[in-house]
Amino acid sequence: MNNWSDGYLKANGIRIHYYRTGGEKPQVVLNHGAMDDGLCWTRVAKALEQEYDVIMFDARGHGLSDSGAGDYQSETRAKDLAEGIISLGLDKPVVGGHSLGAEVSLHLAALYPDIPRAIFMEDPPIAMPGQSMFGGKMGEMGADALKMMTRIMTLIKVLPTFLGKIIARKMMPVSPDDEIIPWIKSKKRVDKDFFKALTNPDNPQPPSPFETAKGIKVPALLFRGDREKGSIVSLEVAQELEKSIPGLQVVHLEGANHDIRRSKFDEYMSALKSFLAAAYK
């Protein structure tokens with residue numbers, strides 16, 4: 001982790017773990033996706049740490065944070081994030097994330113509008129009514145896609161790292177070790193409780209993300225890839241979010257899958273750095 005620090009704080013009644021690059025610099029908060037953890041942002045943090053103080057939270061049930069004890073609802077995770085930011089004394093940071101971390105960034109901005117300076121979202125889990133969550137082959141599997149993904153991640157959790165690395169290389173063929181190794185390790189730290197909650201058919205239905213997004217008043221950036229490659233956000237979803245969020249910037253990285261930053265790292269970082277520079281102008 002170079003000279004990065006890490007620590008714990010109390011937020012929303014549980015213990016949350018975080019990593020931080022440090023320094024008296026503008027602050028950027030990164031939120032990982034389901035079954036990842038804070039260090040899955042290592043490559044991005046390395047690219048930003050010269051100019052920004054990067055904070056990477058482990059979400060409840062992930063990494064070294066406490067279990068969510070069955071509660072992983074959007075509003076709960078947004079409260080975790082809000083209280084974590086307040087606990088660290090951050091000064092209106094830019095907040096963003098991937099997948100589930102993008103979704104919690106959206107909810108943070110809508111429910112706690114005074115906390116973030118701006119937000120960015122990398123392929124949040126938002127689909128149009130009647131549309132499969134994922135595109136491509138994953139989408140063709142329908143409801144079984146999430147179950148299959150959970151089984152794969154559970155397998156990586158128990159496999160030796162060298163075997164997990166073989167699977168990871170097939171799933172992320174262009175990723176270097178500073179993406180692959182944290183990704184494998186994160187699976188070994190996911191709380192079993194989260195796996196159960198993820199596939200629980202009795203989970204309450206969340207409110208419409210498009211309605212929630214109408215509460216966002218800060219600058220926002222949306223990354224989307226290609227549905228046929230397995231990305232979630234379709235053109236139609238992006239257009240609906242543009243109606244809900246004034247001035248939303250949409251960056252389409254052609255050929256990217258759900259892991260947009262991993263599959264199109266250079267293009268992703270170019271767009272992100274431009275957005276951060278504008279937010280802190």
# chains A, B, ... in the order shown; residues from 1 in each chain; ligands from 1

call {"tool": "closest_atom_pairs", "arguments": {"of": "region 36-95 of chain A", "to": "region 175-195 of chain A", "cutoff": "10 Å", "atoms": "only C-alpha atoms", "output": "CSV"}}
result
residue,atom,partner,partner_atom,distance
A:Asp36,CA,A:Ser186,CA,5.1
A:Asp37,CA,A:Ser186,CA,5.5
A:Gly38,CA,A:Ser186,CA,8.4
A:Leu39,CA,A:Pro182,CA,5.8
A:Cys40,CA,A:Pro182,CA,5.3
A:Trp41,CA,A:Glu179,CA,7.7
A:Thr42,CA,A:Asp178,CA,6.4
A:Arg43,CA,A:Asp178,CA,6.0
A:Val44,CA,A:Glu179,CA,9.3
A:Lys46,CA,A:Asp178,CA,9.7
A:Asp58,CA,A:Ser186,CA,9.7
A:Ala59,CA,A:Val190,CA,9.8
A:Arg60,CA,A:Phe194,CA,8.7
A:Gly61,CA,A:Asp191,CA,5.0
A:His62,CA,A:Val190,CA,4.6
A:Gly63,CA,A:Arg189,CA,5.1
A:Leu64,CA,A:Arg189,CA,7.1
A:Ser65,CA,A:Asp191,CA,9.3
A:Asp66,CA,A:Asp191,CA,8.5
A:Ser67,CA,A:Asp191,CA,6.3
A:Gly68,CA,A:Phe194,CA,7.4
A:Ala69,CA,A:Asp193,CA,6.6
A:Gly70,CA,A:Asp193,CA,6.3
A:Asp71,CA,A:Phe194,CA,8.7
A:Tyr72,CA,A:Phe194,CA,7.7

call {"tool": "write_last_selection", "arguments": {"atoms": "C-alpha atoms", "output": "PDB file, in the first residue's frame"}}
result
ATOM      1  CA  ASP A  36     -14.994  -6.382  -3.752  1.00  0.00           C
ATOM      2  CA  ASP A  37     -13.427  -4.209  -1.030  1.00  0.00           C
ATOM      3  CA  GLY A  38     -11.561  -0.937  -0.680  1.00  0.00           C
ATOM      4  CA  LEU A  39      -8.250  -2.174  -2.050  1.00  0.00           C
ATOM      5  CA  CYS A  40      -9.933  -3.148  -5.315  1.00  0.00           C
ATOM      6  CA  TRP A  41      -9.401   0.555  -6.102  1.00  0.00           C
ATOM      7  CA  THR A  42      -5.604   0.207  -5.748  1.00  0.00           C
ATOM      8  CA  ARG A  43      -4.763   0.941  -9.367  1.00  0.00           C
ATOM      9  CA  VAL A  44      -7.040   3.995  -9.480  1.00  0.00           C
ATOM     10  CA  LYS A  46      -2.147   4.982  -7.346  1.00  0.00           C
ATOM     11  CA  ASP A  58     -14.777  -1.320   3.011  1.00  0.00           C
ATOM     12  CA  ALA A  59     -18.582  -1.487   2.865  1.00  0.00           C
ATOM     13  CA  ARG A  60     -20.500  -3.362   5.559  1.00  0.00           C
ATOM     14  CA  GLY A  61     -20.053  -7.098   5.103  1.00  0.00           C
ATOM     15  CA  HIS A  62     -16.898  -6.588   3.059  1.00  0.00           C
ATOM     16  CA  GLY A  63     -13.176  -6.337   3.694  1.00  0.00           C
ATOM     17  CA  LEU A  64     -12.414  -5.664   7.354  1.00  0.00           C
ATOM     18  CA  SER A  65     -15.713  -3.919   8.146  1.00  0.00           C
ATOM     19  CA  ASP A  66     -18.416  -5.424  10.337  1.00  0.00           C
ATOM     20  CA  SER A  67     -21.223  -7.560   8.970  1.00  0.00           C
ATOM     21  CA  GLY A  68     -24.409  -5.860   7.942  1.00  0.00           C
ATOM     22  CA  ALA A  69     -26.337  -8.537   9.879  1.00  0.00           C
ATOM     23  CA  GLY A  70     -28.738  -8.976   6.982  1.00  0.00           C
ATOM     24  CA  ASP A  71     -29.265  -5.245   6.335  1.00  0.00           C
ATOM     25  CA  TYR A  72     -27.692  -4.128   3.073  1.00  0.00           C
TER      26      TYR A  72
END

call {"tool": "select_by_dssp", "arguments": {"residues": "region 62-253 of chain A", "states": "helix (DSSP H, G or I)", "output": "PyMOL selection string"}}
result
chain A and resi 74-87+100-111+136-140+144-158+161-171+177-189+192-198+209-213+227-229+235-244

call {"tool": "residues_around", "arguments": {"residues": "His107 (chain A)", "least_positions_apart": "3", "cutoff": "8 Å", "atoms": "only C-alpha atoms", "output": "list in words"}}
result
Ser74, Glu75, Ala78, Glu103, Val104, Ala110, Leu111, Tyr112, Thr212 and Ala213 of chain A

call {"tool": "residues_around", "arguments": {"residues": "Gly164 (chain A)", "least_positions_apart": "2", "cutoff": "10 Å", "atoms": "only C-alpha atoms", "output": "PDB file with C-alpha atoms, in the first residue's frame"}}
result
ATOM      1  CA  ILE A 152     -18.070 -18.280  -8.510  1.00  0.00           C
ATOM      2  CA  MET A 153     -17.167 -15.750  -5.818  1.00  0.00           C
ATOM      3  CA  LEU A 155     -15.529 -20.726  -4.863  1.00  0.00           C
ATOM      4  CA  ILE A 156     -12.748 -18.125  -5.072  1.00  0.00           C
ATOM      5  CA  LYS A 157     -13.263 -17.447  -1.356  1.00  0.00           C
ATOM      6  CA  VAL A 158     -12.176 -20.993  -0.470  1.00  0.00           C
ATOM      7  CA  LEU A 159      -9.647 -21.716  -3.222  1.00  0.00           C
ATOM      8  CA  PRO A 160      -5.890 -21.176  -2.733  1.00  0.00           C
ATOM      9  CA  THR A 161      -4.815 -17.813  -4.171  1.00  0.00           C
ATOM     10  CA  PHE A 162      -2.881 -19.339  -7.075  1.00  0.00           C
ATOM     11  CA  ILE A 166      -6.312 -18.510 -12.831  1.00  0.00           C
ATOM     12  CA  ILE A 167     -10.048 -17.779 -12.646  1.00  0.00           C
ATOM     13  CA  ALA A 168      -9.430 -14.045 -12.234  1.00  0.00           C
ATOM     14  CA  ARG A 169      -7.165 -13.939 -15.283  1.00  0.00           C
ATOM     15  CA  ILE A 180      -6.032  -9.070  -9.791  1.00  0.00           C
ATOM     16  CA  ILE A 181      -4.518  -9.706  -6.344  1.00  0.00           C
ATOM     17  CA  TRP A 183      -9.778  -8.700  -6.284  1.00  0.00           C
ATOM     18  CA  ILE A 184      -8.950 -12.263  -5.197  1.00  0.00           C
ATOM     19  CA  LYS A 185      -8.259 -11.257  -1.601  1.00  0.00           C
ATOM     20  CA  LYS A 187     -13.534 -12.468  -2.128  1.00  0.00           C
TER      21      LYS A 187
END

call {"tool": "closest_residue", "arguments": {"among": "A:Lys264, A:Lys273, A:Arg117, A:Lys170", "to": "Pro219 (chain A)", "atoms": "only C-alpha atoms"}}
result
A:Arg117

call {"tool": "closest_residue", "arguments": {"among": "A:Asp259, A:Ala102, A:Gly22, A:Gln205", "to": "Pro173 (chain A)", "atoms": "only C-alpha atoms"}}
result
A:Asp259

call {"tool": "closest_residue", "arguments": {"among": "A:Asp91, A:Glu254, A:Glu236, A:Glu140", "to": "Tyr268 (chain A)", "atoms": "only C-alpha atoms"}}
result
A:Glu254

call {"tool": "select_by_dssp", "arguments": {"residues": "region 24-253 of chain A", "states": "strand (DSSP E)", "output": "number ranges by chain"}}
result
A: 27-31, 53-57, 94-98, 118-122, 220-224, 249-252

call {"tool": "residues_around", "arguments": {"residues": "Lys10 (chain A)", "least_positions_apart": "4", "cutoff": "8 Å", "atoms": "only C-alpha atoms", "output": "PyMOL selection string"}}
result
chain A and resi 14-16+84+87
